[in-house]
Every structure is written in structure tokens, then in C-alpha cells.
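Below is one structure, written out as C-alpha cells; the observations come after it.
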Amino acid sequence: MIKNPIGLLLNGVIVSLGLLPLLAQAQQPISDTQVAAMVEALRQAAPQTKNPNDGLYSEWQVKPETLKGWSKTCLKRELTPTQFENSPAIARQVVSCITRRELSNQFRATNNNEIASVRGAACWWMTGNYTGCDKGFTADYVQKVVRFYQQQLSKSAATQS
């Protein structure tokens, strides 16, 4: 039998209140500014093959098989590569949707470490994995994305001042 139910209840309330800030931090949403900065960074860092028939579409250089799943997830319908290529607004909408999802996943995985999240999302964008982009071409790509991301955030901050 519980000897002091009020003390037990009070302890439960105190512990719960102590955890609230941690829960709020863990569920911090990604801002539209962060998503826009990441989308633009991915666009700027996209490898340019100089081959117009490289099989990649839009300024973000997306593979057709990737595009099918992304458009279905974000638009609830599949886009053809031509539709994606010919509509920068729709391409940006799909890329923004996927970027928000992946940045959110990475923010949770890194305890809201913004740069680690950008690195993880950039690595995923290039390879399909969140890690393993620490040398060679993929490391250079991830660094470019981080640099462009920071530049975009700086521009946003300057315009808001």
C-alpha cells in the first residue's frame, strides 16, 4: 500500500515539469527559413555533369526513380521527369517537402544540432545514407551544402534586420 500518495503525486508532477523543456526542445519544428536555405543550398551544390542527357532532372539533379516516390509523397500523385523539369515551382515544392522531412529527421537524430543536421541531410540527399560522407567527392559536396546553407541563412537574417 502507498503510504504517501500526495507525495508520490507531487514527485510525479515535479519530474514531469522538469521534462517539459526537454520535450519541447526535442520537438522543435524546422522553420520555413531553414527549409528554404537548405533547398537553395542543395540547388547550388548540385553536381553539374555538363551533359544535357545525364538522366537527372531540374536544377536539383534528381533521378527519375527518386522523383516518382517524392512526388507521390508530397503531391499525392506521380510526376513525370518532364513535368518536374518543366515546372521550377513544382520542383521546388517537392524538394522543399522532402527537405523538410529529412531536416526534421536529422534535427531529432542530432538533438537539434543544426549543422550536423544539414550535414546528415546533405549526405542522405547524395547517397541515401545519413553518414559516410566524410571523404572524397561526397565530403566536398556536403561541405558545399553547409557553406551555401549558412550563406542563405545570413542573407535571410540580413533581409529581416
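Following the order of the C-alpha cells, first chain is A, next is B, and so on, with residues numbered from 1 inside each chain and ligands from 1 in the order they appear.
For Thr66 in chain A, the non-local neighbours within 12 Å, defined as residues at least 3 positions apart in the same chain or in other chains and counting only C-alpha atoms, are Gly55, Leu56, Tyr57, Trp60, Gln61, Val62, Lys63, Gly69, Trp70, Ser71, Lys72, Thr73, Glu78, Leu79, Thr80, Pro81, Phe84, Val94, Val95, Ile98, Trp125, Met126, Thr127 and Gly128 of chain A.
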Excluding Ala122 in chain A and any residue of its chain fewer than 3 positions from it, enumerate the residues within 12 Å of it, using only C-alpha atoms, and give them as a PyMOL selection string.
chain A and resi 38-43+45-46+98-99+102-103+106+115-119+125-134+138-149
Interatomic distance, CA of Cys74 in chain A to CA of Ser104 in chain A (Å, one decimal):
15.2 Å
Residues flagged helix (DSSP H, G or I) by DSSP in chain A, as number ranges by chain:
A: 5-26, 32-45, 64-75, 81-86, 88-109, 114-127, 136-160
Atomic distance CA of Gln44 in chain A - CA of Arg92 in chain A, expressed in Å with one decimal
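Spanning CA of Gln44 in chain A to CA of Arg92 in chain A is a straight-line distance of 12.9 Å.
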Pairwise distance for CA of Ala89 in chain A and CA of Ala158 in chain A, rounded to one decimal in Å:
24.7 Å
Find the residue from A:Asn112, A:Arg100, A:Arg77, A:Gln93 that sits nearest to Thr33 in chain A; use only C-alpha atoms when measuring.
A:Arg100
Fewer than 5 positions away in the same chain doesn't count, so skip those; otherwise give me all residues within 10 Å of Ser156 in chain A, counting only C-alpha atoms, as a list in words.
Thr33, Gln34, Ala36, Ala37, Gln150, Gln151 and Ser161 of chain A
Which one is closest to Cys123 in chain A: A:Ile90, A:Lys68, A:Lys135, A:Ser154? Count only C-alpha atoms.
A:Lys135
